[in-house]
Amino acid sequence: MTSIEAINISKNFGPVHALKDVDLEISDGCTVILGPNGSGKTTFMKILTRMMRPSSGLVKIDGEPLEENFVKSLGMIGSLVEQPEFYTYLTGREIMEFVCRIRNIPKNSVNDEIKRVSDLCGISSYSNRKSGTYSRGMKQRLGLAVSMISSPDILILDEPTFGLDPRGIVEMRNIIKNYSREEGKIVLLSTHMINEAVELSNRILILYMGVIRYDSMNGDDKRVIRVTFDEPFYGKIEEPFIQTRSTGNEALIEIPSEKKNWELIYSLVRSGARIREVEENYGIEDVYMNIVSD
Amino acid sequence: MQKTLQVTKYFFRNYYRSRSFYLMLVIDILICVLFIYFSFRYTSKIGAFAGRIIKNPPESIIKNVFDYIWNFALLYLPVLAAVFFGSPAISSEIEDRTAYHIFPLPISRYSLFAGKFIAAFLVSLVVIFIFLGVEWAVFPFVFHTYQVTAFYSTIYLVVIFLFSILSVTFLSSSIFNRNLYAYITVFVAYFLILNAAGYIINILYGYTPSYLLNVAAEILQTVYINIPIFGGSSSLSIAPASSSTILHSILIMLAYAFVSLAIAIILFERKEVR
C-alpha cells in the first residue's frame, strides 16, 4: 500500500523554527491539516513535494526516501501548493499536455487524459485560452486538473478551495472526496475552514508553531472538558489535568485518556471550585481554539 | 533526454509567444533597417576608410570592412537576446510563482535547466539568424557577388558567443529570485564592469585582456580585419585574426560558458521555493 511518511522533519529559516520534529505517516484516506497562518502547513507541504529541503529529517514515499529516487517518488504525487501561476503564454491545454508528457503518459493517451481531468475539474470550456488570461479561480481549477494528471497515488493540496466561488468550492470538495473515498487515493490537504476539514477528512491534524499538536487518530489523548463555575475560580488545577484556557468563570481542561471525568470534578472541588456545569466537548473547533490560544 | 526535449518544446513555445520575443524582433528589425540604409548610403566611403590603413585597398578588403561594420551589431545582439530570454529564466520561476507548479513534477532539476536553456538558446538564435540572414542577403546587392568566407566563420562564432553569454545570464538568474536583479546584474557586469576592466587594464598595463568575455567576443569583428576595440594602435592591422586568435577566443568563451553553467546548475538544484 502506498504511503507518505515524514520522519522528524524540522525546518529552520535562520532563527525561526518553522517545523519542529514533525512525525507523520499517512497510508490511506483524506488527512486534513488545520493551523493558523504561519503554523508551518505550507512549509510542510513544500518539503513533501521537494520544493524545499528539510533542515533535518526524512521524507519517505512508499517506504523509499524521497531524495533517493525523487523522480519516481514525485511521479506518485500530485500537488497544488499555494496558488500556483502558470506559463502565461501557454494555454491550459498545453500546460496539461506538458505535464502529461513529463508524467510519461503515452502520446496517444494524452488527449484522453486531458479530457478526463478537464471535465472533472470543469475547465474544458476555457482550456484553449492562454493561462495568462485566467482568473484566480480558473487557475486554481487548472492547478487541480494538473495535479490529478495520471491519477497519482498521493494528492497534496494546500488550501485548494482558496479563491473559488461557492459553487466552485462545493465542486472542488466533491472532487477531493471522490478521489479519496471512491478511488481510494491518499489526500493530504490544508485548510483554514474547519467545516471543510470535518466534511472531507477521516483524519484531522492541527499544526501550530511548527508542531503537530493534535491528531484525531490519537483524539482520545486530548479530550477537552469545558467547566463553568458559579464563582470565578483561579485555583491551581492538579496534574495530570491541564488547564489550557480560563476566563475565571469558565475553563477548558484537557484530560488524559486514562482519567475519568469524575476524577477531574473531584480534583476541582478539592481545590475549592464551585462547579455549575461540566460539558464534555469533542468539537474540533474547540480543540483548535484551545490549541491556538495557548 | 525525452523530458528535456519536452521542456524545450513547451518553453520555446512560451518564449516565442512572449512580449520579450516581439520586442526583441522589433529591435532586431530596427537594427537591420539602419544597417541596410547605411550600407546603401555609405558603402562608397568604405574604401576611403580602409585607405587610411593601406593604400588602394582591394575589393576583398572593402568587403571585409563591410562585414566588419555589420558585425558590430553581433557584439550586442546576442547580449540583448540573452538578457531578454536568459535573465528571467530561473528567477521568474520564483518571482512569478511558476515553481509551485513545475518543481514538484517528476523531472530532475538538471533536465529542467537543460530544457529551459536550450529553449532560450533557440529563441535567441532566431533573433540572431534574422540579422545574419539580412546581412547575408544585403551583401550581393552591394557587391554583386557572394559573401566572403569569413562570414561563415562568424556564424559558428556568434553561436558560441551566444552560448557563453546565455550561460552567464542563466547564472545570474540562478543567483537571484527577482528578475530585475538578474537583468541589472548582467547589464552592469557586461557593459560596465567588463568594459571598464578592459580599458583600465589596457591603459595601465598596455595589453589587451583577451580573457575578458567582451574582448573575446570581438573575434566576431576581427575575423574580418584585426582592429580590436580594446586594442591600442599597435595591434591595428588590416589582416584578419589568425586561427590561433580565433581558437583562443573560442576557448575563452567556452570557459565562461562551462564555468557559469556549472555554478548555475548547482544553484538551481539547491533552489527552494520559500
# chains A, B, ... in the order shown; residues from 1 in each chain; ligands from 1

$ interface_residues --of "chain A" --to "chain B" --cutoff "10 Å" --atoms "only C-alpha atoms" --output "ChimeraX atom specification"
/A:13,42-43,46-53,69-91,94-95,97-99,101-104,143,146-147

$ select_by_dssp --residues "segment 44-264 of chain A" --states "helix (DSSP H, G or I)" --output "PyMOL selection string"
chain A and resi 44-48+70-75+92-102+107-121+124-126+131-133+136-147+166-182+194-200+216-222+261-264

$ atom_distance --atom1 "atom CA of Leu157 of chain B" --atom2 "atom CA of Leu220 of chain B"
6.5 Å

$ atom_distance --atom1 "atom CA of Asp28 of chain B" --atom2 "atom CA of Val159 of chain B"
16.5 Å

$ closest_residue --among "A:Leu157, A:Leu164, A:Leu189, A:Leu207" --to "Ser135 of chain A" --atoms "only C-alpha atoms"
A:Leu164

$ residues_around --residues "Glu269 of chain B" --least-positions-apart "4" --cutoff "10 Å" --atoms "only C-alpha atoms" --output "ChimeraX atom specification"
/B:108-110,112-113,174,263-265

$ write_last_selection --atoms "N, CA, C and O atoms" --output "compact mmCIF listing (two decimals), in the first residue's frame"
# COMPACT_ATOMS: atom_id res chain seq x y z
N SER B 108 14.03 15.84 -13.11
CA SER B 108 15.17 16.35 -12.35
C SER B 108 15.38 17.82 -12.69
O SER B 108 15.02 18.29 -13.78
N ARG B 109 15.99 18.52 -11.75
CA ARG B 109 16.27 19.94 -12.00
C ARG B 109 17.26 20.10 -13.16
O ARG B 109 17.20 21.09 -13.88
N TYR B 110 18.14 19.12 -13.33
CA TYR B 110 19.11 19.20 -14.44
C TYR B 110 18.38 19.19 -15.78
O TYR B 110 18.68 19.98 -16.67
N LEU B 112 15.29 19.98 -16.29
CA LEU B 112 14.51 21.22 -16.39
C LEU B 112 15.41 22.37 -16.83
O LEU B 112 15.06 23.14 -17.74
N PHE B 113 16.56 22.46 -16.20
CA PHE B 113 17.52 23.51 -16.52
C PHE B 113 17.95 23.39 -17.98
O PHE B 113 17.94 24.37 -18.73
N SER B 174 20.05 32.30 -11.74
CA SER B 174 20.03 31.28 -10.68
C SER B 174 20.36 31.86 -9.32
O SER B 174 19.94 31.33 -8.30
N ILE B 263 28.07 26.41 -12.20
CA ILE B 263 27.63 27.07 -10.96
C ILE B 263 26.11 27.24 -10.99
O ILE B 263 25.41 27.01 -9.99
N ALA B 264 25.59 27.64 -12.16
CA ALA B 264 24.13 27.88 -12.27
C ALA B 264 23.34 26.61 -11.98
O ALA B 264 22.32 26.65 -11.28
N ILE B 265 23.81 25.49 -12.49
CA ILE B 265 23.08 24.22 -12.28
C ILE B 265 23.10 23.84 -10.79
O ILE B 265 22.08 23.42 -10.24

$ residues_around --residues "segment 29-38 of chain B" --least-positions-apart "3" --cutoff "7 Å" --atoms "only C-alpha atoms" --output "number ranges by chain"
B: 25-26, 41-42, 70, 131, 134

$ write_last_selection --atoms "all heavy atoms" --output "PDB file, in the first residue's frame"
ATOM      1  N   LEU B  25      12.324  41.217 -31.575  1.00  0.00           N
ATOM      2  CA  LEU B  25      12.189  41.249 -33.038  1.00  0.00           C
ATOM      3  C   LEU B  25      12.171  42.687 -33.550  1.00  0.00           C
ATOM      4  O   LEU B  25      12.785  43.000 -34.580  1.00  0.00           O
ATOM      5  CB  LEU B  25      10.890  40.560 -33.463  1.00  0.00           C
ATOM      6  CG  LEU B  25      10.912  39.044 -33.603  1.00  0.00           C
ATOM      7  CD1 LEU B  25       9.592  38.563 -34.196  1.00  0.00           C
ATOM      8  CD2 LEU B  25      12.068  38.585 -34.491  1.00  0.00           C
ATOM      9  N   VAL B  26      11.462  43.553 -32.835  1.00  0.00           N
ATOM     10  CA  VAL B  26      11.387  44.960 -33.245  1.00  0.00           C
ATOM     11  C   VAL B  26      12.791  45.571 -33.226  1.00  0.00           C
ATOM     12  O   VAL B  26      13.204  46.255 -34.178  1.00  0.00           O
ATOM     13  CB  VAL B  26      10.420  45.749 -32.316  1.00  0.00           C
ATOM     14  CG1 VAL B  26      10.547  47.251 -32.552  1.00  0.00           C
ATOM     15  CG2 VAL B  26       8.984  45.297 -32.550  1.00  0.00           C
ATOM     16  N   ARG B  41      23.827  53.665 -48.423  1.00  0.00           N
ATOM     17  CA  ARG B  41      24.127  55.100 -48.437  1.00  0.00           C
ATOM     18  C   ARG B  41      25.633  55.351 -48.400  1.00  0.00           C
ATOM     19  O   ARG B  41      26.122  56.267 -49.057  1.00  0.00           O
ATOM     20  CB  ARG B  41      23.439  55.726 -47.208  1.00  0.00           C
ATOM     21  CG  ARG B  41      23.567  57.220 -47.055  1.00  0.00           C
ATOM     22  CD  ARG B  41      22.477  57.938 -47.848  1.00  0.00           C
ATOM     23  NE  ARG B  41      22.472  59.355 -47.608  1.00  0.00           N
ATOM     24  CZ  ARG B  41      23.336  60.206 -48.133  1.00  0.00           C
ATOM     25  NH1 ARG B  41      24.279  59.764 -48.926  1.00  0.00           N
ATOM     26  NH2 ARG B  41      23.255  61.502 -47.892  1.00  0.00           N
ATOM     27  N   TYR B  42      26.371  54.536 -47.650  1.00  0.00           N
ATOM     28  CA  TYR B  42      27.771  54.883 -47.376  1.00  0.00           C
ATOM     29  C   TYR B  42      28.794  53.835 -47.819  1.00  0.00           C
ATOM     30  O   TYR B  42      29.970  53.954 -47.495  1.00  0.00           O
ATOM     31  CB  TYR B  42      27.957  55.157 -45.872  1.00  0.00           C
ATOM     32  CG  TYR B  42      27.202  56.368 -45.404  1.00  0.00           C
ATOM     33  CD1 TYR B  42      26.070  56.221 -44.603  1.00  0.00           C
ATOM     34  CD2 TYR B  42      27.596  57.659 -45.776  1.00  0.00           C
ATOM     35  CE1 TYR B  42      25.355  57.325 -44.177  1.00  0.00           C
ATOM     36  CE2 TYR B  42      26.880  58.769 -45.355  1.00  0.00           C
ATOM     37  CZ  TYR B  42      25.770  58.602 -44.557  1.00  0.00           C
ATOM     38  OH  TYR B  42      25.068  59.692 -44.153  1.00  0.00           O
ATOM     39  N   TRP B  70      29.045  45.547 -40.141  1.00  0.00           N
ATOM     40  CA  TRP B  70      27.775  44.851 -39.835  1.00  0.00           C
ATOM     41  C   TRP B  70      27.893  44.040 -38.541  1.00  0.00           C
ATOM     42  O   TRP B  70      26.984  44.005 -37.734  1.00  0.00           O
ATOM     43  CB  TRP B  70      27.388  43.902 -40.986  1.00  0.00           C
ATOM     44  CG  TRP B  70      26.474  44.548 -41.997  1.00  0.00           C
ATOM     45  CD1 TRP B  70      26.852  45.390 -42.995  1.00  0.00           C
ATOM     46  CD2 TRP B  70      25.062  44.403 -42.090  1.00  0.00           C
ATOM     47  NE1 TRP B  70      25.759  45.786 -43.714  1.00  0.00           N
ATOM     48  CE2 TRP B  70      24.630  45.184 -43.183  1.00  0.00           C
ATOM     49  CE3 TRP B  70      24.101  43.688 -41.389  1.00  0.00           C
ATOM     50  CZ2 TRP B  70      23.304  45.288 -43.575  1.00  0.00           C
ATOM     51  CZ3 TRP B  70      22.771  43.788 -41.784  1.00  0.00           C
ATOM     52  CH2 TRP B  70      22.382  44.577 -42.855  1.00  0.00           C
ATOM     53  N   PHE B 131      19.129  38.588 -38.250  1.00  0.00           N
ATOM     54  CA  PHE B 131      20.133  39.615 -38.567  1.00  0.00           C
ATOM     55  C   PHE B 131      21.175  39.081 -39.547  1.00  0.00           C
ATOM     56  O   PHE B 131      21.504  39.730 -40.549  1.00  0.00           O
ATOM     57  CB  PHE B 131      20.807  40.102 -37.275  1.00  0.00           C
ATOM     58  CG  PHE B 131      21.832  41.151 -37.507  1.00  0.00           C
ATOM     59  CD1 PHE B 131      21.465  42.488 -37.621  1.00  0.00           C
ATOM     60  CD2 PHE B 131      23.172  40.827 -37.651  1.00  0.00           C
ATOM     61  CE1 PHE B 131      22.416  43.478 -37.859  1.00  0.00           C
ATOM     62  CE2 PHE B 131      24.131  41.805 -37.904  1.00  0.00           C
ATOM     63  CZ  PHE B 131      23.749  43.125 -38.000  1.00  0.00           C
ATOM     64  N   VAL B 134      19.802  38.817 -43.002  1.00  0.00           N
ATOM     65  CA  VAL B 134      19.718  40.106 -43.686  1.00  0.00           C
ATOM     66  C   VAL B 134      21.111  40.524 -44.163  1.00  0.00           C
ATOM     67  O   VAL B 134      21.281  40.978 -45.304  1.00  0.00           O
ATOM     68  CB  VAL B 134      19.090  41.177 -42.750  1.00  0.00           C
ATOM     69  CG1 VAL B 134      19.165  42.564 -43.386  1.00  0.00           C
ATOM     70  CG2 VAL B 134      17.638  40.813 -42.437  1.00  0.00           C
TER      71      VAL B 134
END

$ atom_distance --atom1 "atom CA of Leu171 of chain B" --atom2 "atom CA of Leu267 of chain B"
8.2 Å

$ residues_around --residues "Asp153 of chain A" --least-positions-apart "5" --cutoff "12 Å" --atoms "only C-alpha atoms" --output "JSON, numbers by chain"
{"A": [1, 2, 3, 4, 26, 27, 28, 29, 30, 61, 62, 73, 74, 75, 76, 77, 78, 79, 147, 148, 179, 180, 183, 184, 185, 186, 187, 188]}

$ residues_around --residues "Ser271 of chain A" --least-positions-apart "6" --cutoff "10 Å" --atoms "only C-alpha atoms" --output "PyMOL selection string"
chain A and resi 233-238+265

$ closest_residue --among "A:Ile175, A:Ile253, A:Val22, A:Ile275" --to "Ala145 of chain A" --atoms "only C-alpha atoms"
A:Ile175

$ residues_around --residues "Phe176 of chain B" --least-positions-apart "5" --cutoff "12 Å" --atoms "only C-alpha atoms" --output "ChimeraX atom specification"
/B:87-95,169-171,181-186,264,267-268,271-272

$ select_by_dssp --residues "segment 259-293 of chain A" --states "strand (DSSP E or B)" --output "list in words"
Ile275, Arg276, Glu277, Val278, Glu279, Glu280 and Asn281 of chain A

$ write_last_selection --atoms "C-alpha atoms" --output "JSON list (two decimals), in the first residue's frame"
[["chain", "number", "residue", "atom", "x", "y", "z"],
["A", 275, "ILE", "CA", -18.84, 23.97, 39.63],
["A", 276, "ARG", "CA", -22.03, 24.89, 37.82],
["A", 277, "GLU", "CA", -21.70, 22.82, 34.66],
["A", 278, "VAL", "CA", -19.35, 20.32, 33.06],
["A", 279, "GLU", "CA", -19.56, 19.84, 29.34],
["A", 280, "GLU", "CA", -17.65, 17.19, 27.53],
["A", 281, "ASN", "CA", -16.65, 18.66, 24.21]]
